[in-house]
Number of protein chains: 2
Amino acid sequence: MARLNPDVLRLYLVTDQSLAAGRSLADVVGAAVQGGVSCVQLREKHLGTREFLAQALMLKALLAPHRVPLVINDRIDIALACGAEGVHLGQSDLPVDEARKLLPMEVFIGWSVESMDDVLQSAVLPVDYLGVSPIFSTSTKTDTKESWGLEGLTLVRTATHLPLVAIGGIHAGNAREVLRAGADSLAVVSALCAASDPHAAAMGLRSLCDEALKARR
Amino acid sequence: MARLNPDVLRLYLVTDQSLAAGRSLADVVGAAVQGGVSCVQLREKHLGTREFLAQALMLKALLAPHRVPLVINDRIDIALACGAEGVHLGQSDLPVDEARKLLPMEVFIGWSVESMDDVLQSAVLPVDYLGVSPIFSTSTKTDTKESWGLEGLTLVRTATHLPLVAIGGIHAGNAREVLRAGADSLAVVSALCAASDPHAAAMGLRSLCDEALKARR
């Protein structure tokens, strides 16, 4: 398995159609990618399979010219059918080992860690990045455990060499400290999907990411 | 693709845990298989992926010694992960062509037809049987179109050579006429899952199937 270049994760948009205030996913994602989003995860738990695939194919076509990878949440079948570059698995999705067997080698796998046990376990699993989830408590995702906080994120950083994608309650106001605490990447849902100007919001977040990672090198 | 032997479909149980009145799926399915069920479809739309896989693996282990095929509803990823013998697709699931590309050749595909257009289209699709759904109106499945009725089923019979699995509102009291109208197989949900004695209920339905098919040959 080729090692995933963490740069592709830098600013990571997770979709939530319900936050898009009547705008299409294509419009919101298109604007956010123009603004600097480097990776997009399709997470639409409420969609039926065929509609989920239709959204995935739409995003794939939208993202491919920008060389922005598409990540599918949970559904390996959808990822295979649309030719996604990555898959993101939570603790109630397929076990990572099972998913790895079903996916072509070049498809990367992200895994949500909700406890230090998960982080330690990731060392022996075929995962390419960890989603540290949630950093702050959030109303977007309610099925997760306690939030990590910045201290938790720093602990995770000391425990693994995998790229860390921080998610949960992240916005322009706290992005710097999340990156300083050890995140390689910021994943956002509402900070882009609900933004009145997703293009400008992405530009702002992307420059914070670029700045922090430049300082680190 | 090897042609599917319609005998394996003869009495086809579709699971619905919510109808099992507190009994485990293993208990209900185990008893029904002892009674003569020849094929089992796992359809539990509300389950998360990991729990769905756990149920699939449990059923696979339960059914394998009886050489009863396991069919997974909708989820190609689960079918692949558990090594199911078949997949059943509805009109809002993955398109049949897409599913066929993702599945090993030996995994059969059933497809729900809800209109004569679907039936005619099936002639050019890689499907192994048709689920004629629903025959009678039913409270188990509410997302389907008008019911076919016995006349509709007979029309479908004249329009295709594929094995026909009749589903929707079928029980011991109307099974004979459904078979007479052209079904090769009876699929039941509540007639077995909600039966106080699934073993006896399966025996009764199976003997009706065997009788009808013997008379036909």
# chains A, B, ... in the order shown; residues from 1 in each chain; ligands from 1
$ interface_residues --of "chain A" --to "chain B" --cutoff "8 Å" --atoms "only C-alpha atoms" --output "list of chain:residue names"
A:Gly48, A:Thr49, A:Arg50, A:Glu51, A:Leu53, A:Asp74, A:Arg75, A:Ile76, A:Asp77, A:Leu80, A:Ala81, A:Ser92, A:Asp93, A:Leu94, A:Pro95, A:Glu98, A:Ala99, A:Leu102
$ write_last_selection --atoms "all heavy atoms" --output "compact mmCIF listing (two decimals), in the first residue's frame"
# COMPACT_ATOMS: atom_id res chain seq x y z
N GLY A 48 -30.81 6.61 0.17
CA GLY A 48 -30.88 5.25 -0.34
C GLY A 48 -29.67 4.98 -1.23
O GLY A 48 -28.98 5.92 -1.65
N THR A 49 -29.42 3.72 -1.53
CA THR A 49 -28.21 3.33 -2.25
C THR A 49 -28.10 4.00 -3.62
O THR A 49 -27.06 4.52 -3.99
CB THR A 49 -28.17 1.80 -2.41
OG1 THR A 49 -28.12 1.24 -1.10
CG2 THR A 49 -26.96 1.36 -3.20
N ARG A 50 -29.19 3.98 -4.37
CA ARG A 50 -29.09 4.51 -5.73
C ARG A 50 -28.85 6.01 -5.74
O ARG A 50 -28.06 6.53 -6.53
CB ARG A 50 -30.34 4.16 -6.55
CG ARG A 50 -30.13 4.53 -8.03
CD ARG A 50 -31.18 4.00 -8.93
NE ARG A 50 -31.17 2.55 -8.95
CZ ARG A 50 -31.78 1.84 -9.90
NH1 ARG A 50 -32.41 2.44 -10.87
NH2 ARG A 50 -31.75 0.52 -9.86
N GLU A 51 -29.50 6.70 -4.82
CA GLU A 51 -29.34 8.14 -4.74
C GLU A 51 -27.94 8.49 -4.23
O GLU A 51 -27.31 9.45 -4.67
CB GLU A 51 -30.41 8.70 -3.77
CG GLU A 51 -30.89 10.08 -4.12
CD GLU A 51 -31.93 10.56 -3.11
OE1 GLU A 51 -32.63 9.70 -2.51
OE2 GLU A 51 -32.02 11.78 -2.91
N LEU A 53 -25.29 6.68 -4.75
CA LEU A 53 -24.39 6.48 -5.89
C LEU A 53 -24.46 7.66 -6.86
O LEU A 53 -23.43 8.11 -7.37
CB LEU A 53 -24.72 5.17 -6.61
CG LEU A 53 -23.89 4.90 -7.88
CD1 LEU A 53 -22.40 4.79 -7.55
CD2 LEU A 53 -24.37 3.65 -8.60
N ASP A 74 -18.36 5.03 4.90
CA ASP A 74 -19.01 3.77 5.27
C ASP A 74 -19.18 2.77 4.11
O ASP A 74 -18.77 1.61 4.23
CB ASP A 74 -20.36 4.07 5.93
CG ASP A 74 -21.19 2.83 6.30
OD1 ASP A 74 -20.64 1.72 6.30
OD2 ASP A 74 -22.39 2.97 6.57
N ARG A 75 -19.77 3.21 3.00
CA ARG A 75 -20.27 2.29 1.99
C ARG A 75 -19.22 1.87 0.97
O ARG A 75 -18.99 2.54 -0.04
CB ARG A 75 -21.47 2.93 1.28
CG ARG A 75 -22.67 3.17 2.18
CD ARG A 75 -23.34 1.88 2.56
NE ARG A 75 -23.83 1.19 1.39
CZ ARG A 75 -25.08 1.25 0.95
NH1 ARG A 75 -25.98 1.96 1.60
NH2 ARG A 75 -25.44 0.60 -0.13
N ILE A 76 -18.63 0.70 1.20
CA ILE A 76 -17.62 0.16 0.29
C ILE A 76 -18.21 -0.09 -1.10
O ILE A 76 -17.55 0.09 -2.12
CB ILE A 76 -17.06 -1.18 0.85
CG1 ILE A 76 -16.57 -1.00 2.29
CG2 ILE A 76 -15.95 -1.73 -0.04
CD1 ILE A 76 -15.41 -0.09 2.45
N ASP A 77 -19.48 -0.52 -1.11
CA ASP A 77 -20.10 -0.79 -2.41
C ASP A 77 -20.19 0.48 -3.27
O ASP A 77 -19.89 0.46 -4.46
CB ASP A 77 -21.48 -1.47 -2.26
CG ASP A 77 -22.40 -0.81 -1.24
OD1 ASP A 77 -21.97 0.16 -0.57
OD2 ASP A 77 -23.56 -1.26 -1.12
N LEU A 80 -16.68 1.47 -4.47
CA LEU A 80 -16.26 0.65 -5.61
C LEU A 80 -17.00 1.07 -6.87
O LEU A 80 -16.41 1.18 -7.95
CB LEU A 80 -16.53 -0.82 -5.31
CG LEU A 80 -15.66 -1.47 -4.23
CD1 LEU A 80 -16.21 -2.86 -3.86
CD2 LEU A 80 -14.20 -1.59 -4.70
N ALA A 81 -18.29 1.31 -6.74
CA ALA A 81 -19.10 1.61 -7.92
C ALA A 81 -18.75 2.96 -8.54
O ALA A 81 -18.88 3.14 -9.75
CB ALA A 81 -20.59 1.55 -7.58
N SER A 92 -18.87 2.01 13.78
CA SER A 92 -20.00 1.10 13.55
C SER A 92 -20.11 0.72 12.07
O SER A 92 -21.12 0.16 11.64
CB SER A 92 -21.30 1.71 14.05
OG SER A 92 -21.53 2.94 13.40
N ASP A 93 -19.05 1.01 11.32
CA ASP A 93 -19.03 0.61 9.91
C ASP A 93 -18.29 -0.73 9.78
O ASP A 93 -18.01 -1.37 10.78
CB ASP A 93 -18.35 1.70 9.07
CG ASP A 93 -19.09 3.04 9.18
OD1 ASP A 93 -20.31 3.03 9.44
OD2 ASP A 93 -18.43 4.08 9.03
N LEU A 94 -17.99 -1.14 8.55
CA LEU A 94 -17.24 -2.40 8.38
C LEU A 94 -15.92 -2.32 9.13
O LEU A 94 -15.27 -1.28 9.15
CB LEU A 94 -16.92 -2.62 6.90
CG LEU A 94 -17.90 -3.34 6.00
CD1 LEU A 94 -17.20 -3.78 4.72
CD2 LEU A 94 -18.58 -4.52 6.64
N PRO A 95 -15.48 -3.43 9.72
CA PRO A 95 -14.13 -3.46 10.30
C PRO A 95 -13.10 -3.15 9.20
O PRO A 95 -13.29 -3.55 8.04
CB PRO A 95 -13.99 -4.90 10.79
CG PRO A 95 -15.39 -5.40 10.97
CD PRO A 95 -16.22 -4.69 9.92
N GLU A 98 -11.78 -6.00 7.00
CA GLU A 98 -12.75 -6.46 6.00
C GLU A 98 -12.80 -5.51 4.82
O GLU A 98 -12.81 -5.92 3.66
CB GLU A 98 -14.15 -6.56 6.62
CG GLU A 98 -14.31 -7.64 7.66
CD GLU A 98 -14.04 -9.01 7.09
OE1 GLU A 98 -14.45 -9.28 5.94
OE2 GLU A 98 -13.40 -9.82 7.78
N ALA A 99 -12.83 -4.23 5.13
CA ALA A 99 -12.89 -3.22 4.08
C ALA A 99 -11.65 -3.31 3.19
O ALA A 99 -11.74 -3.25 1.96
CB ALA A 99 -13.01 -1.83 4.69
N LEU A 102 -11.78 -5.80 0.50
CA LEU A 102 -12.73 -5.56 -0.60
C LEU A 102 -12.29 -4.44 -1.53
O LEU A 102 -12.83 -4.29 -2.63
CB LEU A 102 -14.11 -5.20 -0.03
CG LEU A 102 -14.76 -6.23 0.90
CD1 LEU A 102 -16.11 -5.71 1.39
CD2 LEU A 102 -14.95 -7.56 0.19
$ residues_around --residues "Arg67 (chain A)" --least-positions-apart "4" --cutoff "12 Å" --atoms "only C-alpha atoms" --output "ChimeraX atom specification"
/A:8,33-34,36-40,59-63,84-85
$ residues_around --residues "Leu208 (chain A)" --least-positions-apart "6" --cutoff "10 Å" --atoms "only C-alpha atoms" --output "list of chain:residue names"
A:Leu11, A:Ala172, A:Ala175, A:Arg176, A:Leu179, A:Leu186, A:Ala202, A:Lys214
$ write_last_selection --atoms "N, CA and C atoms" --output "PDB file, in the first residue's frame"
ATOM      1  N   LEU A  11      -7.243  20.288   3.804  1.00  0.00           N
ATOM      2  CA  LEU A  11      -8.559  20.853   4.170  1.00  0.00           C
ATOM      3  C   LEU A  11      -9.623  19.915   3.603  1.00  0.00           C
ATOM      4  N   ALA A 172     -12.960  28.715  11.622  1.00  0.00           N
ATOM      5  CA  ALA A 172     -11.820  29.633  11.467  1.00  0.00           C
ATOM      6  C   ALA A 172     -11.314  30.139  12.816  1.00  0.00           C
ATOM      7  N   ALA A 175      -9.245  27.018  14.419  1.00  0.00           N
ATOM      8  CA  ALA A 175      -8.446  26.171  13.522  1.00  0.00           C
ATOM      9  C   ALA A 175      -6.961  26.187  13.890  1.00  0.00           C
ATOM     10  N   ARG A 176      -6.449  27.373  14.203  1.00  0.00           N
ATOM     11  CA  ARG A 176      -5.013  27.484  14.506  1.00  0.00           C
ATOM     12  C   ARG A 176      -4.609  26.597  15.677  1.00  0.00           C
ATOM     13  N   LEU A 179      -4.559  22.889  14.778  1.00  0.00           N
ATOM     14  CA  LEU A 179      -3.360  22.529  14.014  1.00  0.00           C
ATOM     15  C   LEU A 179      -2.138  22.510  14.939  1.00  0.00           C
ATOM     16  N   LEU A 186      -7.615  19.654   8.728  1.00  0.00           N
ATOM     17  CA  LEU A 186      -8.881  20.062   9.335  1.00  0.00           C
ATOM     18  C   LEU A 186     -10.026  19.513   8.507  1.00  0.00           C
ATOM     19  N   ALA A 202     -13.655  28.550   2.628  1.00  0.00           N
ATOM     20  CA  ALA A 202     -12.596  27.569   2.333  1.00  0.00           C
ATOM     21  C   ALA A 202     -11.254  28.264   2.180  1.00  0.00           C
ATOM     22  N   LYS A 214       3.404  25.142   7.139  1.00  0.00           N
ATOM     23  CA  LYS A 214       4.666  25.777   6.741  1.00  0.00           C
ATOM     24  C   LYS A 214       5.515  26.029   7.993  1.00  0.00           C
TER      25      LYS A 214
END
$ closest_atom_pairs --of "region 62-129 of chain A" --to "region 12-21 of chain A" --cutoff "12 Å" --atoms "only C-alpha atoms" --output "Markdown table"
| residue | atom | partner | partner_atom | distance |
| --- | --- | --- | --- | --- |
| A:Val68 | CA | A:Tyr12 | CA | 9.9 |
| A:Pro69 | CA | A:Tyr12 | CA | 9.8 |
| A:Leu70 | CA | A:Leu13 | CA | 9.9 |
| A:Val71 | CA | A:Val14 | CA | 9.0 |
| A:Ile72 | CA | A:Val14 | CA | 9.7 |
| A:Asn73 | CA | A:Val14 | CA | 9.1 |
| A:His88 | CA | A:Val14 | CA | 10.4 |
| A:Gly110 | CA | A:Tyr12 | CA | 12.0 |
$ residues_around --residues "Gly35 (chain A)" --least-positions-apart "6" --cutoff "8 Å" --atoms "only C-alpha atoms" --output "ChimeraX atom specification"
/A:198-203,206
$ write_last_selection --atoms "all heavy atoms" --output "PDB file, in the first residue's frame"
ATOM      1  N   PRO A 198     -19.201  29.620   0.775  1.00  0.00           N
ATOM      2  CA  PRO A 198     -18.299  28.479   0.988  1.00  0.00           C
ATOM      3  C   PRO A 198     -16.926  28.699   0.349  1.00  0.00           C
ATOM      4  O   PRO A 198     -15.919  28.182   0.850  1.00  0.00           O
ATOM      5  CB  PRO A 198     -19.018  27.306   0.312  1.00  0.00           C
ATOM      6  CG  PRO A 198     -20.438  27.723   0.198  1.00  0.00           C
ATOM      7  CD  PRO A 198     -20.433  29.213   0.062  1.00  0.00           C
ATOM      8  N   HIS A 199     -16.871  29.471  -0.729  1.00  0.00           N
ATOM      9  CA  HIS A 199     -15.606  29.747  -1.393  1.00  0.00           C
ATOM     10  C   HIS A 199     -14.690  30.552  -0.475  1.00  0.00           C
ATOM     11  O   HIS A 199     -13.537  30.170  -0.207  1.00  0.00           O
ATOM     12  CB  HIS A 199     -15.860  30.493  -2.709  1.00  0.00           C
ATOM     13  CG  HIS A 199     -14.616  30.860  -3.453  1.00  0.00           C
ATOM     14  ND1 HIS A 199     -14.054  32.116  -3.386  1.00  0.00           N
ATOM     15  CD2 HIS A 199     -13.821  30.137  -4.265  1.00  0.00           C
ATOM     16  CE1 HIS A 199     -12.959  32.153  -4.134  1.00  0.00           C
ATOM     17  NE2 HIS A 199     -12.798  30.956  -4.690  1.00  0.00           N
ATOM     18  N   ALA A 200     -15.215  31.640   0.064  1.00  0.00           N
ATOM     19  CA  ALA A 200     -14.426  32.478   0.969  1.00  0.00           C
ATOM     20  C   ALA A 200     -14.075  31.734   2.251  1.00  0.00           C
ATOM     21  O   ALA A 200     -12.940  31.829   2.755  1.00  0.00           O
ATOM     22  CB  ALA A 200     -15.207  33.748   1.298  1.00  0.00           C
ATOM     23  N   ALA A 201     -15.035  30.956   2.767  1.00  0.00           N
ATOM     24  CA  ALA A 201     -14.780  30.214   4.004  1.00  0.00           C
ATOM     25  C   ALA A 201     -13.651  29.204   3.796  1.00  0.00           C
ATOM     26  O   ALA A 201     -12.779  29.033   4.656  1.00  0.00           O
ATOM     27  CB  ALA A 201     -16.059  29.513   4.460  1.00  0.00           C
ATOM     28  N   ALA A 202     -13.655  28.550   2.628  1.00  0.00           N
ATOM     29  CA  ALA A 202     -12.596  27.569   2.333  1.00  0.00           C
ATOM     30  C   ALA A 202     -11.254  28.264   2.180  1.00  0.00           C
ATOM     31  O   ALA A 202     -10.223  27.771   2.670  1.00  0.00           O
ATOM     32  CB  ALA A 202     -12.958  26.789   1.058  1.00  0.00           C
ATOM     33  N   MET A 203     -11.246  29.424   1.511  1.00  0.00           N
ATOM     34  CA  MET A 203      -9.990  30.168   1.354  1.00  0.00           C
ATOM     35  C   MET A 203      -9.390  30.509   2.719  1.00  0.00           C
ATOM     36  O   MET A 203      -8.182  30.358   2.947  1.00  0.00           O
ATOM     37  CB  MET A 203     -10.216  31.449   0.553  1.00  0.00           C
ATOM     38  CG  MET A 203     -10.262  31.217  -0.948  1.00  0.00           C
ATOM     39  SD  MET A 203     -10.314  32.793  -1.863  1.00  0.00           S
ATOM     40  CE  MET A 203      -8.642  33.411  -1.582  1.00  0.00           C
ATOM     41  N   ARG A 206      -8.157  27.291   4.433  1.00  0.00           N
ATOM     42  CA  ARG A 206      -7.002  26.744   3.734  1.00  0.00           C
ATOM     43  C   ARG A 206      -5.738  27.545   4.049  1.00  0.00           C
ATOM     44  O   ARG A 206      -4.657  26.972   4.245  1.00  0.00           O
ATOM     45  CB  ARG A 206      -7.259  26.719   2.220  1.00  0.00           C
ATOM     46  CG  ARG A 206      -6.095  26.249   1.371  1.00  0.00           C
ATOM     47  CD  ARG A 206      -5.702  24.793   1.726  1.00  0.00           C
ATOM     48  NE  ARG A 206      -4.475  24.399   1.058  1.00  0.00           N
ATOM     49  CZ  ARG A 206      -4.404  23.583   0.005  1.00  0.00           C
ATOM     50  NH1 ARG A 206      -5.501  23.044  -0.486  1.00  0.00           N
ATOM     51  NH2 ARG A 206      -3.245  23.292  -0.531  1.00  0.00           N
TER      52      ARG A 206
END
$ residues_around --residues "region 122-135 of chain B" --least-positions-apart "3" --cutoff "8 Å" --atoms "only C-alpha atoms" --output "PyMOL selection string"
chain B and resi 3-4+96-97+100+108-114+118-119+138+144-150+153+160+162-170
$ select_by_dssp --residues "chain A" --states "alpha helix (DSSP H)" --output "ChimeraX atom specification"
/A:25-35,49-63,76-82,96-102,116-122,149-159,175-180,190-193,198-216
$ select_by_dssp --residues "region 34-125 of chain B" --states "strand (DSSP E)" --output "count of residues only"
18
